[in-house]
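Next comes final00.cif, a file with mmCIF, C-alpha atoms (C1' of nucleotides) and all ligand atoms.
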data_start
#
loop_
_atom_site.label_atom_id
_atom_site.label_comp_id
_atom_site.auth_asym_id
_atom_site.auth_seq_id
_atom_site.Cartn_x
_atom_site.Cartn_y
_atom_site.Cartn_z
CA MET X 287 -41.91 -98.35 74.10
CA LEU X 288 -43.95 -101.35 75.20
CA SER X 289 -47.01 -101.02 77.41
CA ASN X 290 -46.80 -102.24 80.98
CA SER X 291 -48.81 -105.25 79.88
CA GLY X 292 -46.30 -105.95 77.16
CA LYS X 293 -43.36 -105.74 79.54
CA TYR X 294 -45.11 -107.90 82.12
CA ALA X 295 -46.06 -110.50 79.54
CA LEU X 296 -42.56 -110.77 78.16
CA LYS X 297 -41.02 -111.09 81.60
CA ALA X 298 -43.47 -113.81 82.54
CA VAL X 299 -43.02 -115.72 79.31
CA LEU X 300 -39.23 -115.55 79.54
CA TYR X 301 -39.32 -116.67 83.12
CA LEU X 302 -41.53 -119.59 82.19
CA ALA X 303 -39.23 -120.42 79.31
CA ASP X 304 -36.34 -120.56 81.71
CA LYS X 305 -38.02 -122.54 84.48
CA THR X 306 -40.70 -124.75 82.99
CA ASP X 307 -41.55 -127.47 80.52
CA SER X 308 -44.30 -130.04 80.07
CA SER X 309 -43.41 -131.68 83.36
CA ASN X 310 -42.39 -128.67 85.41
CA LYS X 311 -45.13 -126.14 85.82
CA LEU X 312 -45.48 -122.92 87.75
CA MET X 313 -48.51 -121.28 89.25
CA VAL X 314 -49.38 -117.58 89.36
CA LYS X 315 -48.29 -117.46 92.98
CA ASP X 316 -44.84 -118.69 91.97
CA LEU X 317 -44.53 -116.15 89.20
CA TYR X 318 -45.63 -112.78 90.45
CA GLN X 319 -42.74 -112.19 92.80
CA PRO X 320 -39.82 -113.06 90.53
CA THR X 321 -41.38 -111.15 87.64
CA GLN X 322 -42.46 -108.19 89.77
CA VAL X 323 -45.94 -108.13 88.32
CA PRO X 324 -49.08 -107.48 90.39
CA LYS X 325 -50.53 -110.89 91.11
CA ALA X 326 -54.11 -110.49 89.87
CA TYR X 327 -52.99 -108.60 86.83
CA LEU X 328 -50.47 -111.26 85.97
CA ALA X 329 -53.19 -113.89 86.27
CA LYS X 330 -55.25 -112.06 83.68
CA LEU X 331 -52.29 -111.67 81.36
CA LEU X 332 -51.41 -115.34 81.59
CA GLN X 333 -54.96 -116.29 80.72
CA ASN X 334 -54.75 -114.13 77.65
CA LEU X 335 -51.37 -115.54 76.65
CA SER X 336 -52.70 -119.03 77.15
CA LYS X 337 -55.74 -118.37 74.98
CA HIS X 338 -53.40 -117.21 72.22
CA ASN X 339 -51.19 -120.29 72.56
CA ILE X 340 -48.16 -118.35 73.68
CA ILE X 341 -48.03 -120.40 76.83
CA SER X 342 -49.60 -123.67 77.95
CA SER X 343 -51.58 -124.49 81.04
CA THR X 344 -53.32 -127.25 82.93
CA LYS X 345 -55.99 -126.77 85.53
CA GLY X 346 -56.39 -128.34 88.91
CA PRO X 347 -53.90 -129.81 91.35
CA LYS X 348 -50.45 -130.30 89.91
CA GLY X 349 -51.48 -127.82 87.26
CA GLY X 350 -49.98 -124.49 86.33
CA TYR X 351 -48.43 -122.67 83.44
CA TYR X 352 -45.53 -123.90 81.34
CA LEU X 353 -43.95 -123.64 77.94
CA THR X 354 -43.81 -126.53 75.53
CA LYS X 355 -41.07 -126.89 72.99
CA GLU X 356 -43.44 -125.39 70.43
CA ASN X 357 -44.27 -122.46 72.70
CA LYS X 358 -40.58 -121.75 72.99
CA GLU X 359 -40.33 -121.42 69.26
CA ASN X 360 -42.58 -118.38 69.14
CA SER X 361 -40.76 -115.18 68.33
CA VAL X 362 -40.31 -112.56 70.97
CA TYR X 363 -42.31 -110.23 68.78
CA ARG X 364 -45.26 -112.60 68.76
CA VAL X 365 -45.74 -112.01 72.49
CA ILE X 366 -45.69 -108.26 71.99
CA GLU X 367 -48.09 -108.55 69.09
CA VAL X 368 -50.63 -110.52 71.10
CA ILE X 369 -50.58 -108.08 74.00
CA ASP X 370 -49.94 -104.67 72.45
CA GLY X 371 -51.08 -105.31 68.90
CA ASN X 372 -48.88 -104.65 65.93
CA GLN X 373 -49.63 -100.95 65.52
CA ARG X 374 -47.71 -99.79 68.56
CA MET X 375 -44.35 -100.75 67.11
CA GLU X 376 -45.05 -100.85 63.39
CA ALA X 377 -47.36 -97.96 62.60
CA CYS X 378 -46.04 -94.62 61.43
CA VAL X 379 -44.06 -92.87 64.15
CA LEU X 380 -46.21 -89.78 63.66
CA GLY X 381 -49.41 -91.73 63.24
CA ILE X 382 -50.23 -90.95 59.64
CA GLU X 383 -52.29 -93.53 57.80
CA GLU X 384 -50.11 -94.60 54.94
CA CYS X 385 -46.60 -95.40 56.05
CA ASN X 386 -44.55 -96.19 52.97
CA ALA X 387 -41.86 -94.75 50.74
CA GLN X 388 -44.48 -93.15 48.49
CA HIS X 389 -46.15 -91.27 51.31
CA PRO X 390 -43.57 -90.89 54.08
CA CYS X 391 -43.80 -88.70 57.14
CA PRO X 392 -40.73 -86.59 57.87
CA LEU X 393 -39.31 -89.28 60.15
CA HIS X 394 -39.96 -92.26 57.92
CA GLU X 395 -36.60 -92.35 56.17
CA TYR X 396 -34.63 -91.54 59.31
CA VAL X 397 -36.17 -93.83 61.90
CA GLY X 398 -37.41 -96.46 59.48
CA PRO X 399 -34.13 -98.34 59.01
CA SER X 400 -33.09 -98.60 62.66
CA ARG X 401 -36.61 -99.46 63.69
CA ALA X 402 -36.67 -102.18 61.05
CA VAL X 403 -33.47 -103.64 62.48
CA LEU X 404 -34.93 -103.57 65.97
CA LEU X 405 -38.17 -105.23 64.90
CA GLY X 406 -36.31 -107.69 62.71
CA THR X 407 -34.36 -108.82 65.74
CA LEU X 408 -37.49 -109.27 67.81
CA LYS X 409 -39.15 -111.20 65.03
CA LYS X 410 -36.24 -113.52 64.39
CA MET X 411 -35.35 -114.32 67.97
CA THR X 412 -37.37 -117.01 69.72
CA ILE X 413 -38.45 -117.07 73.33
CA GLY X 414 -36.43 -120.24 73.82
CA GLU X 415 -33.25 -118.72 72.47
CA LEU X 416 -33.62 -115.59 74.52
CA SER X 417 -34.22 -117.48 77.72
CA LEU X 418 -30.87 -119.21 77.44
CA ASP X 419 -29.01 -116.14 78.68
CA LEU X 420 -31.34 -116.11 81.62
CA LYS X 421 -30.48 -119.69 82.43
CA LYS X 422 -26.79 -118.92 82.19
CA GLY X 423 -27.25 -116.08 84.63
CA ALA X 424 -26.15 -113.66 81.95
CA SER X 425 -29.35 -111.61 82.18
CA PHE X 426 -32.11 -110.74 84.63
CA ILE X 427 -35.80 -109.97 84.66
CA SER X 428 -36.02 -108.20 87.98
CA SER X 429 -34.10 -105.52 89.72
CA MET V 129 -44.03 -96.11 70.22
CA LEU V 130 -44.84 -92.50 71.02
CA SER V 131 -47.99 -91.47 72.88
CA ASN V 132 -50.71 -89.71 70.93
CA SER V 133 -49.58 -86.51 72.61
CA GLY V 134 -46.06 -87.12 71.39
CA LYS V 135 -47.17 -87.72 67.83
CA TYR V 136 -49.45 -84.70 67.88
CA ALA V 137 -46.76 -82.46 69.32
CA LEU V 138 -44.20 -83.50 66.75
CA LYS V 139 -46.59 -83.00 63.88
CA ALA V 140 -47.51 -79.55 65.12
CA VAL V 141 -43.92 -78.51 65.73
CA LEU V 142 -42.80 -79.75 62.32
CA TYR V 143 -45.68 -77.97 60.65
CA LEU V 144 -44.80 -74.77 62.46
CA ALA V 145 -41.16 -75.23 61.48
CA ASP V 146 -42.21 -75.48 57.87
CA LYS V 147 -44.69 -72.61 57.81
CA THR V 148 -43.69 -70.04 60.40
CA ASP V 149 -40.99 -67.72 61.64
CA SER V 150 -40.83 -64.58 63.79
CA SER V 151 -42.94 -62.68 61.27
CA ASN V 152 -45.29 -65.41 60.09
CA LYS V 153 -47.39 -66.92 62.84
CA LEU V 154 -50.16 -69.43 62.92
CA MET V 155 -53.06 -69.83 65.31
CA VAL V 156 -54.57 -72.99 66.73
CA LYS V 157 -57.40 -72.72 64.25
CA ASP V 158 -54.91 -72.77 61.38
CA LEU V 159 -53.10 -75.77 62.78
CA TYR V 160 -55.59 -78.36 63.85
CA GLN V 161 -56.79 -79.34 60.42
CA PRO V 162 -53.46 -79.82 58.64
CA THR V 163 -52.04 -81.67 61.62
CA GLN V 164 -55.18 -83.72 62.23
CA VAL V 165 -55.16 -83.04 65.95
CA PRO V 166 -58.33 -82.31 67.97
CA LYS V 167 -58.48 -78.56 68.30
CA ALA V 168 -58.81 -78.13 72.06
CA TYR V 169 -56.26 -80.80 72.73
CA LEU V 170 -53.82 -79.22 70.34
CA ALA V 171 -54.29 -75.90 72.13
CA LYS V 172 -53.26 -77.50 75.40
CA LEU V 173 -50.26 -79.19 73.84
CA LEU V 174 -49.07 -75.96 72.26
CA GLN V 175 -49.29 -74.20 75.61
CA ASN V 176 -47.14 -76.88 77.12
CA LEU V 177 -44.63 -76.74 74.28
CA SER V 178 -44.52 -72.99 74.59
CA LYS V 179 -43.89 -73.14 78.33
CA HIS V 180 -40.95 -75.45 77.65
CA ASN V 181 -39.54 -73.15 74.97
CA ILE V 182 -40.01 -75.63 72.18
CA ILE V 183 -42.17 -73.14 70.33
CA SER V 184 -42.76 -69.39 70.62
CA SER V 185 -45.98 -67.43 70.89
CA THR V 186 -47.47 -63.98 71.09
CA LYS V 187 -50.89 -63.15 72.44
CA GLY V 188 -53.56 -60.92 71.05
CA PRO V 189 -54.39 -59.82 67.52
CA LYS V 190 -51.70 -60.67 64.99
CA GLY V 191 -50.46 -63.16 67.51
CA GLY V 192 -50.08 -66.90 67.23
CA TYR V 193 -47.49 -69.63 67.44
CA TYR V 194 -44.24 -69.72 65.54
CA LEU V 195 -40.73 -71.09 65.62
CA THR V 196 -37.68 -68.90 65.96
CA LYS V 197 -34.33 -69.85 64.56
CA GLU V 198 -33.37 -71.04 68.04
CA ASN V 199 -36.54 -73.09 68.35
CA LYS V 200 -35.68 -74.81 65.09
CA GLU V 201 -32.37 -75.89 66.54
CA ASN V 202 -33.96 -78.09 69.15
CA SER V 203 -33.53 -81.77 68.49
CA VAL V 204 -36.48 -83.86 67.47
CA TYR V 205 -35.94 -85.87 70.61
CA ARG V 206 -36.30 -82.79 72.77
CA VAL V 207 -39.94 -82.50 71.75
CA ILE V 208 -40.58 -86.13 72.62
CA GLU V 209 -38.78 -85.70 75.91
CA VAL V 210 -40.91 -82.73 76.94
CA ILE V 211 -44.17 -84.49 76.14
CA ASP V 212 -43.57 -88.16 76.87
CA GLY V 213 -40.64 -87.90 79.24
CA ASN V 214 -37.41 -89.74 78.67
CA GLN V 215 -38.39 -93.07 80.20
CA ARG V 216 -40.74 -94.13 77.43
CA MET V 217 -37.95 -94.49 74.89
CA GLU V 218 -34.88 -94.89 77.07
CA ALA V 219 -35.84 -97.09 79.99
CA CYS V 220 -35.29 -100.83 79.95
CA VAL V 221 -37.48 -102.52 77.37
CA LEU V 222 -38.72 -104.89 80.06
CA GLY V 223 -38.94 -102.21 82.70
CA ILE V 224 -36.28 -103.39 85.11
CA GLU V 225 -34.64 -100.72 87.23
CA GLU V 226 -31.00 -100.91 86.30
CA CYS V 227 -30.50 -100.98 82.58
CA ASN V 228 -26.82 -101.41 81.92
CA ALA V 229 -24.29 -103.95 80.76
CA GLN V 230 -23.70 -105.13 84.33
CA HIS V 231 -27.35 -105.87 84.97
CA PRO V 232 -28.96 -106.45 81.59
CA CYS V 233 -32.39 -107.85 80.90
CA PRO V 234 -32.55 -110.59 78.27
CA LEU V 235 -33.27 -108.04 75.54
CA HIS V 236 -30.66 -105.49 76.49
CA GLU V 237 -27.88 -106.69 74.25
CA TYR V 238 -30.17 -107.44 71.32
CA VAL V 239 -32.37 -104.36 71.14
CA GLY V 240 -29.91 -101.97 72.78
CA PRO V 241 -27.77 -101.26 69.72
CA SER V 242 -30.55 -100.63 67.21
CA ARG V 243 -32.48 -98.61 69.73
CA ALA V 244 -29.38 -96.53 70.39
CA VAL V 245 -29.07 -95.82 66.68
CA LEU V 246 -32.72 -94.82 66.51
CA LEU V 247 -32.46 -92.52 69.52
CA GLY V 248 -29.14 -91.15 68.32
CA THR V 249 -30.78 -90.09 65.10
CA LEU V 250 -33.63 -88.37 66.92
CA LYS V 251 -31.20 -86.60 69.21
CA LYS V 252 -28.90 -85.39 66.47
CA MET V 253 -31.51 -84.23 64.01
CA THR V 254 -33.01 -80.79 64.54
CA ILE V 255 -36.58 -79.73 63.97
CA GLY V 256 -35.38 -77.27 61.37
CA GLU V 257 -33.47 -79.88 59.41
CA LEU V 258 -36.33 -82.32 59.47
CA SER V 259 -38.82 -79.75 58.28
CA LEU V 260 -36.86 -79.18 55.08
CA ASP V 261 -38.18 -82.37 53.50
CA LEU V 262 -41.65 -81.14 54.34
CA LYS V 263 -41.01 -77.88 52.54
CA LYS V 264 -39.70 -79.73 49.52
CA GLY V 265 -42.87 -81.79 49.43
CA ALA V 266 -40.79 -84.89 50.07
CA SER V 267 -42.74 -85.83 53.19
CA PHE V 268 -46.17 -85.36 54.77
CA ILE V 269 -47.75 -84.97 58.17
CA SER V 270 -51.29 -85.97 57.30
CA SER V 271 -52.90 -88.76 55.38
"C1'" DT K 112 -67.25 -139.87 94.59
"C1'" DC K 113 -66.05 -135.95 97.01
"C1'" DC K 114 -62.73 -132.29 98.19
"C1'" DG K 115 -59.35 -129.08 97.23
"C1'" DA K 116 -56.29 -126.93 93.95
"C1'" DA K 117 -55.57 -124.46 90.07
"C1'" DA K 118 -56.78 -122.09 85.76
"C1'" DT K 119 -60.78 -119.52 83.51
"C1'" DA K 120 -64.34 -116.14 82.97
"C1'" DT K 121 -66.18 -112.06 84.27
"C1'" DG K 122 -66.63 -107.78 86.09
"C1'" DA K 123 -65.60 -103.76 89.34
"C1'" DT K 124 -62.41 -100.13 90.61
"C1'" DT K 125 -58.60 -97.02 90.07
"C1'" DT K 126 -55.30 -94.45 87.53
"C1'" DT K 127 -53.64 -92.41 83.47
"C1'" DT K 128 -54.29 -90.45 79.03
"C1'" DA K 129 -56.97 -88.09 75.91
"C1'" DT K 130 -60.50 -84.87 75.02
"C1'" DC K 131 -63.56 -80.95 75.67
"C1'" DA K 132 -64.95 -76.43 77.62
"C1'" DT K 133 -64.47 -71.90 79.70
"C1'" DA K 134 -62.79 -68.04 82.20
"C1'" DT K 135 -58.63 -64.99 82.36
"C1'" DT K 136 -54.79 -62.22 80.61
"C1'" DA K 137 -52.17 -59.75 77.24
"C1'" DT K 138 -51.85 -57.15 72.94
"C1'" DT K 139 -53.23 -54.85 68.87
"C1'" DT K 140 -56.42 -51.84 66.48
"C1'" DT K 141 -59.94 -48.46 66.36
"C1'" DA E 22 -59.89 -46.07 76.36
"C1'" DA E 23 -62.64 -49.68 74.39
"C1'" DA E 24 -63.23 -53.61 71.70
"C1'" DA E 25 -61.71 -57.47 69.60
"C1'" DT E 26 -58.31 -61.21 69.25
"C1'" DA E 27 -55.45 -64.78 70.55
"C1'" DA E 28 -52.71 -67.22 73.95
"C1'" DT E 29 -52.87 -68.92 78.99
"C1'" DA E 30 -54.70 -71.13 83.00
"C1'" DT E 31 -57.73 -74.12 84.87
"C1'" DG E 32 -60.79 -77.61 85.35
"C1'" DA E 33 -64.43 -81.02 83.75
"C1'" DT E 34 -65.52 -85.18 81.14
"C1'" DA E 35 -64.57 -89.39 78.49
"C1'" DA E 36 -61.94 -93.25 77.13
"C1'" DA E 37 -58.34 -96.45 77.77
"C1'" DA E 38 -55.01 -98.93 80.54
"C1'" DA E 39 -53.88 -100.94 84.74
"C1'" DT E 40 -55.24 -103.05 88.91
"C1'" DC E 41 -58.13 -105.67 92.03
"C1'" DA E 42 -61.72 -109.07 93.27
"C1'" DT E 43 -64.72 -113.11 92.84
"C1'" DA E 44 -67.48 -116.76 91.05
"C1'" DT E 45 -67.01 -120.81 87.90
"C1'" DT E 46 -64.89 -124.75 85.69
"C1'" DT E 47 -61.65 -128.52 85.44
"C1'" DC E 48 -58.82 -131.87 87.20
"C1'" DG E 49 -56.11 -134.82 90.57
"C1'" DG E 50 -55.98 -137.19 94.85
"C1'" DA E 51 -58.04 -139.13 99.08
S1 LIG X 501 -44.74 -92.59 57.29
FE1 LIG X 501 -44.17 -92.14 59.32
S2 LIG X 501 -42.87 -93.78 59.84
FE2 LIG X 501 -43.53 -94.28 57.82
S1 LIG X 502 -31.73 -103.92 80.95
FE1 LIG X 502 -33.46 -104.12 79.66
S2 LIG X 502 -32.95 -102.88 77.99
FE2 LIG X 502 -31.26 -102.59 79.32
#
What's the structure tokens form of this structure?
Amino acid sequence: MLSNSGKYALKAVLYLADKTDSSNKLMVKDLYQPTQVPKAYLAKLLQNLSKHNIISSTKGPKGGYYLTKENKENSVYRVIEVIDGNQRMEACVLGIEECNAQHPCPLHEYVGPSRAVLLGTLKKMTIGELSLDLKKGASFISS
Amino acid sequence: MLSNSGKYALKAVLYLADKTDSSNKLMVKDLYQPTQVPKAYLAKLLQNLSKHNIISSTKGPKGGYYLTKENKENSVYRVIEVIDGNQRMEACVLGIEECNAQHPCPLHEYVGPSRAVLLGTLKKMTIGELSLDLKKGASFISS
DNA sequence: TCCGAAATATGATTTTTATCATATTATTTT
DNA sequence: AAAATAATATGATAAAAATCATATTTCGGA
């Protein structure tokens, strides 16, 4: 459904949302084990997320990655969009160019509605909100 | 959402469902243009689908690919399963090992239900049923 | 001001997916 | 039986995704 990069990015962002803020940062070496993401690959992903203002960072000693209040207000979908692009989840299921009621593929009317609900959820829910369950211990990001 | 292979396979199978039966077959060269799939790649996909009894075939002159009544009773999901495997759509959205209510990732309870509806639809609907809209001209498989 | 810590930029390698090409086998027609 | 046709098997190449590695920049502390 999501690419590995997408899954990794979401896990990392949610973990950061749970554990960090402007005065509590985490470094790559603190993140790759709990999120189960290859260290060097995670580093690259975090750089990309940082560049797109999904997460925040400061260099040097006492530096690291963290999520500001504003970062936590990004939608879950925004993370996916930055990493996987918007076509992966939103384009026609069968890959035809025009995806609309006037020119539907055979699946359009059947998968369209439930997919819209799914995407609607991801677009409405913020990273901050979603991380609350994690804090409560009601959900997990590793096996 | 689906791999290119998955999209290609579904388009080809639906096209065959619309146009063929035991006495009306189509060859690769008749299929690659309407489905918009690279010819040699389509050939390989059809072989794979044939091996998995998703489609039927006969060699030699007057041969080609076609769908029997039984073939048309396969679910849409079955095609996806054969090509993309079942993990792509069914595994945990974040990729954690156990995906269940006892060990949920943060997204489990939010995307689970709508995803289940989506997959349920794909599993219930047969290729034959879905191809009817195509025959009516109510849906399309190419731009 | 200098040293070390950490992100950043960049690029190389590996693996997977997608694509292309060809030789072989089976079947129909002549 | 031979010839032509179409799927099948197999493998080669190309492109994309995932992974690994390293040099550079920025910042805090001694
Ligand atoms: S046309 Fe295929 S999903 Fe909309
Ligand atoms: S645990 Fe992630 S979707 Fe079920």
Could you superpose chain X on chain V by least squares over every Cα, matched in sequence order, and send it back as a CSV table (one decimal) with C-alpha atoms, keeping the file's coordinate frame?
chain,number,residue,atom,x,y,z
X,287,MET,CA,-44.0,-96.1,70.2
X,288,LEU,CA,-44.8,-92.5,71.0
X,289,SER,CA,-48.0,-91.5,72.9
X,290,ASN,CA,-50.7,-89.7,70.9
X,291,SER,CA,-49.6,-86.5,72.6
X,292,GLY,CA,-46.0,-87.1,71.4
X,293,LYS,CA,-47.2,-87.7,67.8
X,294,TYR,CA,-49.4,-84.7,67.9
X,295,ALA,CA,-46.7,-82.5,69.3
X,296,LEU,CA,-44.2,-83.5,66.7
X,297,LYS,CA,-46.6,-83.0,63.9
X,298,ALA,CA,-47.5,-79.6,65.1
X,299,VAL,CA,-43.9,-78.5,65.7
X,300,LEU,CA,-42.8,-79.7,62.3
X,301,TYR,CA,-45.7,-78.0,60.6
X,302,LEU,CA,-44.8,-74.8,62.4
X,303,ALA,CA,-41.2,-75.2,61.5
X,304,ASP,CA,-42.2,-75.5,57.9
X,305,LYS,CA,-44.7,-72.6,57.8
X,306,THR,CA,-43.7,-70.0,60.4
X,307,ASP,CA,-41.0,-67.7,61.7
X,308,SER,CA,-40.9,-64.6,63.8
X,309,SER,CA,-43.0,-62.7,61.3
X,310,ASN,CA,-45.3,-65.4,60.1
X,311,LYS,CA,-47.4,-66.9,62.9
X,312,LEU,CA,-50.2,-69.4,63.0
X,313,MET,CA,-53.1,-69.8,65.3
X,314,VAL,CA,-54.6,-73.0,66.8
X,315,LYS,CA,-57.4,-72.7,64.3
X,316,ASP,CA,-54.9,-72.8,61.4
X,317,LEU,CA,-53.1,-75.8,62.8
X,318,TYR,CA,-55.6,-78.4,63.9
X,319,GLN,CA,-56.8,-79.3,60.4
X,320,PRO,CA,-53.5,-79.8,58.6
X,321,THR,CA,-52.0,-81.7,61.6
X,322,GLN,CA,-55.2,-83.7,62.2
X,323,VAL,CA,-55.2,-83.1,65.9
X,324,PRO,CA,-58.3,-82.4,68.0
X,325,LYS,CA,-58.5,-78.6,68.3
X,326,ALA,CA,-58.8,-78.2,72.1
X,327,TYR,CA,-56.2,-80.8,72.7
X,328,LEU,CA,-53.8,-79.3,70.4
X,329,ALA,CA,-54.3,-75.9,72.1
X,330,LYS,CA,-53.3,-77.5,75.4
X,331,LEU,CA,-50.2,-79.2,73.8
X,332,LEU,CA,-49.1,-76.0,72.3
X,333,GLN,CA,-49.3,-74.2,75.6
X,334,ASN,CA,-47.1,-76.9,77.1
X,335,LEU,CA,-44.6,-76.8,74.3
X,336,SER,CA,-44.5,-73.0,74.6
X,337,LYS,CA,-43.9,-73.1,78.3
X,338,HIS,CA,-40.9,-75.4,77.6
X,339,ASN,CA,-39.5,-73.1,74.9
X,340,ILE,CA,-40.0,-75.6,72.2
X,341,ILE,CA,-42.2,-73.1,70.3
X,342,SER,CA,-42.8,-69.4,70.6
X,343,SER,CA,-46.0,-67.5,70.9
X,344,THR,CA,-47.5,-64.0,71.1
X,345,LYS,CA,-50.9,-63.2,72.5
X,346,GLY,CA,-53.5,-61.0,71.1
X,347,PRO,CA,-54.4,-59.8,67.6
X,348,LYS,CA,-51.7,-60.7,65.0
X,349,GLY,CA,-50.5,-63.2,67.6
X,350,GLY,CA,-50.1,-66.9,67.2
X,351,TYR,CA,-47.5,-69.6,67.4
X,352,TYR,CA,-44.2,-69.7,65.5
X,353,LEU,CA,-40.7,-71.1,65.6
X,354,THR,CA,-37.7,-68.9,66.0
X,355,LYS,CA,-34.3,-69.8,64.5
X,356,GLU,CA,-33.4,-71.0,68.0
X,357,ASN,CA,-36.5,-73.1,68.3
X,358,LYS,CA,-35.7,-74.8,65.1
X,359,GLU,CA,-32.4,-75.9,66.5
X,360,ASN,CA,-34.0,-78.1,69.1
X,361,SER,CA,-33.5,-81.8,68.5
X,362,VAL,CA,-36.5,-83.9,67.4
X,363,TYR,CA,-35.9,-85.9,70.6
X,364,ARG,CA,-36.3,-82.8,72.8
X,365,VAL,CA,-39.9,-82.5,71.7
X,366,ILE,CA,-40.6,-86.1,72.6
X,367,GLU,CA,-38.8,-85.7,75.9
X,368,VAL,CA,-40.9,-82.7,76.9
X,369,ILE,CA,-44.2,-84.5,76.1
X,370,ASP,CA,-43.5,-88.2,76.9
X,371,GLY,CA,-40.6,-87.9,79.2
X,372,ASN,CA,-37.4,-89.7,78.7
X,373,GLN,CA,-38.4,-93.1,80.2
X,374,ARG,CA,-40.7,-94.1,77.4
X,375,MET,CA,-38.0,-94.5,74.9
X,376,GLU,CA,-34.9,-94.9,77.1
X,377,ALA,CA,-35.9,-97.1,80.0
X,378,CYS,CA,-35.3,-100.8,80.0
X,379,VAL,CA,-37.5,-102.5,77.4
X,380,LEU,CA,-38.8,-104.9,80.1
X,381,GLY,CA,-39.0,-102.2,82.7
X,382,ILE,CA,-36.3,-103.4,85.1
X,383,GLU,CA,-34.7,-100.7,87.2
X,384,GLU,CA,-31.0,-100.9,86.3
X,385,CYS,CA,-30.5,-100.9,82.6
X,386,ASN,CA,-26.8,-101.4,81.9
X,387,ALA,CA,-24.3,-103.9,80.8
X,388,GLN,CA,-23.7,-105.1,84.3
X,389,HIS,CA,-27.4,-105.8,85.0
X,390,PRO,CA,-29.0,-106.4,81.6
X,391,CYS,CA,-32.4,-107.8,80.9
X,392,PRO,CA,-32.6,-110.6,78.3
X,393,LEU,CA,-33.3,-108.0,75.6
X,394,HIS,CA,-30.7,-105.5,76.5
X,395,GLU,CA,-27.9,-106.7,74.3
X,396,TYR,CA,-30.2,-107.4,71.3
X,397,VAL,CA,-32.4,-104.3,71.2
X,398,GLY,CA,-29.9,-102.0,72.8
X,399,PRO,CA,-27.8,-101.3,69.7
X,400,SER,CA,-30.6,-100.6,67.2
X,401,ARG,CA,-32.5,-98.6,69.7
X,402,ALA,CA,-29.4,-96.5,70.4
X,403,VAL,CA,-29.1,-95.8,66.7
X,404,LEU,CA,-32.7,-94.8,66.5
X,405,LEU,CA,-32.5,-92.5,69.5
X,406,GLY,CA,-29.1,-91.2,68.3
X,407,THR,CA,-30.8,-90.1,65.1
X,408,LEU,CA,-33.6,-88.4,66.9
X,409,LYS,CA,-31.2,-86.6,69.2
X,410,LYS,CA,-28.9,-85.4,66.4
X,411,MET,CA,-31.5,-84.2,64.0
X,412,THR,CA,-33.0,-80.8,64.5
X,413,ILE,CA,-36.6,-79.7,63.9
X,414,GLY,CA,-35.4,-77.2,61.3
X,415,GLU,CA,-33.5,-79.9,59.4
X,416,LEU,CA,-36.3,-82.3,59.4
X,417,SER,CA,-38.8,-79.7,58.3
X,418,LEU,CA,-36.9,-79.1,55.1
X,419,ASP,CA,-38.2,-82.3,53.5
X,420,LEU,CA,-41.6,-81.1,54.3
X,421,LYS,CA,-41.0,-77.9,52.5
X,422,LYS,CA,-39.7,-79.7,49.5
X,423,GLY,CA,-42.8,-81.8,49.4
X,424,ALA,CA,-40.8,-84.9,50.0
X,425,SER,CA,-42.7,-85.8,53.2
X,426,PHE,CA,-46.2,-85.4,54.8
X,427,ILE,CA,-47.7,-85.0,58.2
X,428,SER,CA,-51.3,-86.0,57.3
X,429,SER,CA,-52.9,-88.7,55.4
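Distance criterion 10 Å to chain K, applied with all atoms listed in the file, yields V:Ser131, V:Asn132, V:Ser133, V:Pro166, V:Lys167, V:Ala168, V:Tyr169, V:Leu170, V:Thr186, V:Lys187, V:Gly188, V:Pro189, V:Lys190, V:Gly191 on chain V.
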Quiz item: Would you name the residues within 9 Å of ligand LIG 501 (chain X), counting only C-alpha atoms (C1' of nucleotides) and all ligand atoms, and put them as a list in words?
Solution: Glu376, Ala377, Cys378, Val379, Leu380, Gly381, Ile382, Glu383, Glu384, Cys385, Asn386, Ala387, Gln388, His389, Pro390, Cys391, Pro392, Leu393, His394, Glu395, Tyr396, Val397 and Gly398 of chain X; Ser267, Phe268 and Ile269 of chain V
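Excluding Gly248 (chain V) itself and any same-chain residue fewer than 4 positions from it, the protein and nucleic acid residues within 12 Å of it, counting all atoms listed in the file, are Tyr396, Val397 and Ser400 of chain X; Ser203, Val204, Tyr205, Arg206, Met217, Glu218, Gly240, Pro241, Ser242, Arg243, Ala244, Lys252, Met253 and Thr254 of chain V.
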Can you work out which residues from chain E touch chain V at a cut-off of 12 Å (counting all atoms listed in the file) and hand them back as a PyMOL selection string?
chain E and resi 24-31
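With CA of Asp304 (chain X) on one side and CA of Met287 (chain X) on the other, the separation reads 24.1 Å.
Counting from CA of Leu144 (chain V), the distance to CA of Gly265 (chain V) is 14.9 Å.
Proximity ranking of X:Leu296, X:Val365, X:Val323, X:Ile341 relative to chain V places X:Leu296 first, based on only C-alpha atoms.
Going from CA of Lys355 (chain X) over to atom FE2 of ligand LIG 502 (chain X), you cover 27.0 Å.
Contact shell of Ser342 (chain X) at 7 Å (all atoms listed in the file; same-chain neighbours under 2 positions omitted): Ser336, Asn339, Ile340, Tyr351, Tyr352, Leu353 and Thr354 of chain X.
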Shortest contact to chain V, candidates X:Ser429, X:Ser309, X:Asn357, X:Gln373, atoms counted only C-alpha atoms, goes to X:Ser429
Using only the atoms of ligand LIG 502 (chain X) listed in the file, plus 6 Å on each side, state the axis-aligned box centre and edge lengths in Å rounded to one decimal, as AutoDock Vina command-line options.
--center_x -32.4 --center_y -103.4 --center_z 79.5 --size_x 14.2 --size_y 13.5 --size_z 15.0
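Using all atoms listed in the file, the shortest contact distance between chain X and any of V:Ile255, V:Leu260, V:Leu177, V:Leu246 is found at V:Leu246.
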